[in-house]
Amino acid sequence: KWDLAREAGAADVIDPAADGAAKALLKATGGVAAAVDFVGSGPSFTFGFGAPRKGGRLVCVGLIGGSATVVPLMVSMKAVSITGSYVGSLAELQELMAIGRSGALPPMPLVPRPLADANAVLDELRAGRIRGRAVLQA
C-alpha cells in the first residue's frame with residue numbers, strides 16, 4: 001500500500017521487511033525523533049525500536065501482540081524512551097476531530113462490504129488486499 005501512503009503525502013516509504021531497511025532508514029534520516037508502532041507485533045516493535053535517533057522516542061499503540069528482544073544497553077546508549085499508549089485524553093480526541101473536520105487530512109479510501117462478508121474481509125486484510133479501510137454494513 002505504498003502508493004496510498006504517497007498519495008496521502010508521504011515523502012518516502014520504507015518496507016520494514018526488506019533486507020537492509022533499518023540501515024536505509026538510518027542512512028536517510030540519521031534516525032527519527034519519534035516512531036509510532038501502529039501494529040504492535042514483535043517485528044514491527046523491533047523495527048520501531050531501531051528507528052529513533054539518540055534521545056528519540058518509540059510509542060507503541062498496536063495491539064497485535066508477540067514479543068521482541070530489547071537490549072537494555074541500547075536503551076541506555078541511545079537514550080531512547082519507550083512508551084505505550086492505549087487511548088488518548090478527551091482533549092487529544094477533540095484536537096484530532098478538529099483536524100479531521102478542517103479538511104487538512106487526505107480522505108481515507110473506504111471499502112464498503114456486507115456484514116455477511118466479515119470472514120472474507122478478515123482474510124483479505126491479512127493478505128493485504130484491502131486498500132484503506134473495510135467498513136462492514138448490516
# chains A, B, ... in the order shown; residues from 1 in each chain; ligands from 1
call {"tool": "select_by_dssp", "arguments": {"residues": "chain A", "states": "alpha helix (DSSP H)", "output": "number ranges by chain"}}
result
A: 2-7, 21-29, 42-50, 72-78, 90-102, 118-126
call {"tool": "closest_atom_pairs", "arguments": {"of": "region 64-97 of chain A", "to": "region 20-37 of chain A", "cutoff": "12 Å", "atoms": "only C-alpha atoms", "output": "JSON lines"}}
result
{"residue": "A:Ile64", "atom": "CA", "partner": "A:Asp37", "partner_atom": "CA", "distance": 10.6}
{"residue": "A:Gly65", "atom": "CA", "partner": "A:Asp37", "partner_atom": "CA", "distance": 11.6}
{"residue": "A:Lys78", "atom": "CA", "partner": "A:Gly31", "partner_atom": "CA", "distance": 10.5}
{"residue": "A:Ala79", "atom": "CA", "partner": "A:Ala33", "partner_atom": "CA", "distance": 11.8}
{"residue": "A:Val80", "atom": "CA", "partner": "A:Ala34", "partner_atom": "CA", "distance": 9.4}
{"residue": "A:Ser81", "atom": "CA", "partner": "A:Ala34", "partner_atom": "CA", "distance": 9.3}
{"residue": "A:Ile82", "atom": "CA", "partner": "A:Ala35", "partner_atom": "CA", "distance": 9.8}
{"residue": "A:Thr83", "atom": "CA", "partner": "A:Val36", "partner_atom": "CA", "distance": 9.5}
{"residue": "A:Gly84", "atom": "CA", "partner": "A:Asp37", "partner_atom": "CA", "distance": 9.4}
{"residue": "A:Ser85", "atom": "CA", "partner": "A:Val36", "partner_atom": "CA", "distance": 10.0}
{"residue": "A:Tyr86", "atom": "CA", "partner": "A:Asp37", "partner_atom": "CA", "distance": 11.8}
call {"tool": "atom_distance", "arguments": {"atom1": "CA of Leu136 (chain A)", "atom2": "CA of Ala120 (chain A)"}}
result
11.1 Å
call {"tool": "atom_distance", "arguments": {"atom1": "CA of Gly132 (chain A)", "atom2": "CA of Pro109 (chain A)"}}
result
4.6 Å
call {"tool": "select_by_dssp", "arguments": {"residues": "region 53-84 of chain A", "states": "strand (DSSP E or B)", "output": "VMD selection string"}}
result
chain A and resid 53 to 60 65 81 to 84
call {"tool": "closest_residue", "arguments": {"among": "A:Ile130, A:Met97, A:Arg53, A:Gln137", "to": "Leu115 (chain A)", "atoms": "only C-alpha atoms"}}
result
A:Gln137
call {"tool": "closest_residue", "arguments": {"among": "A:Met108, A:Ser41, A:Asp123, A:Arg113", "to": "Ala5 (chain A)", "atoms": "only C-alpha atoms"}}
result
A:Met108
call {"tool": "closest_residue", "arguments": {"among": "A:Gly48, A:Asn119, A:Pro106, A:Val59", "to": "Leu4 (chain A)", "atoms": "only C-alpha atoms"}}
result
A:Pro106
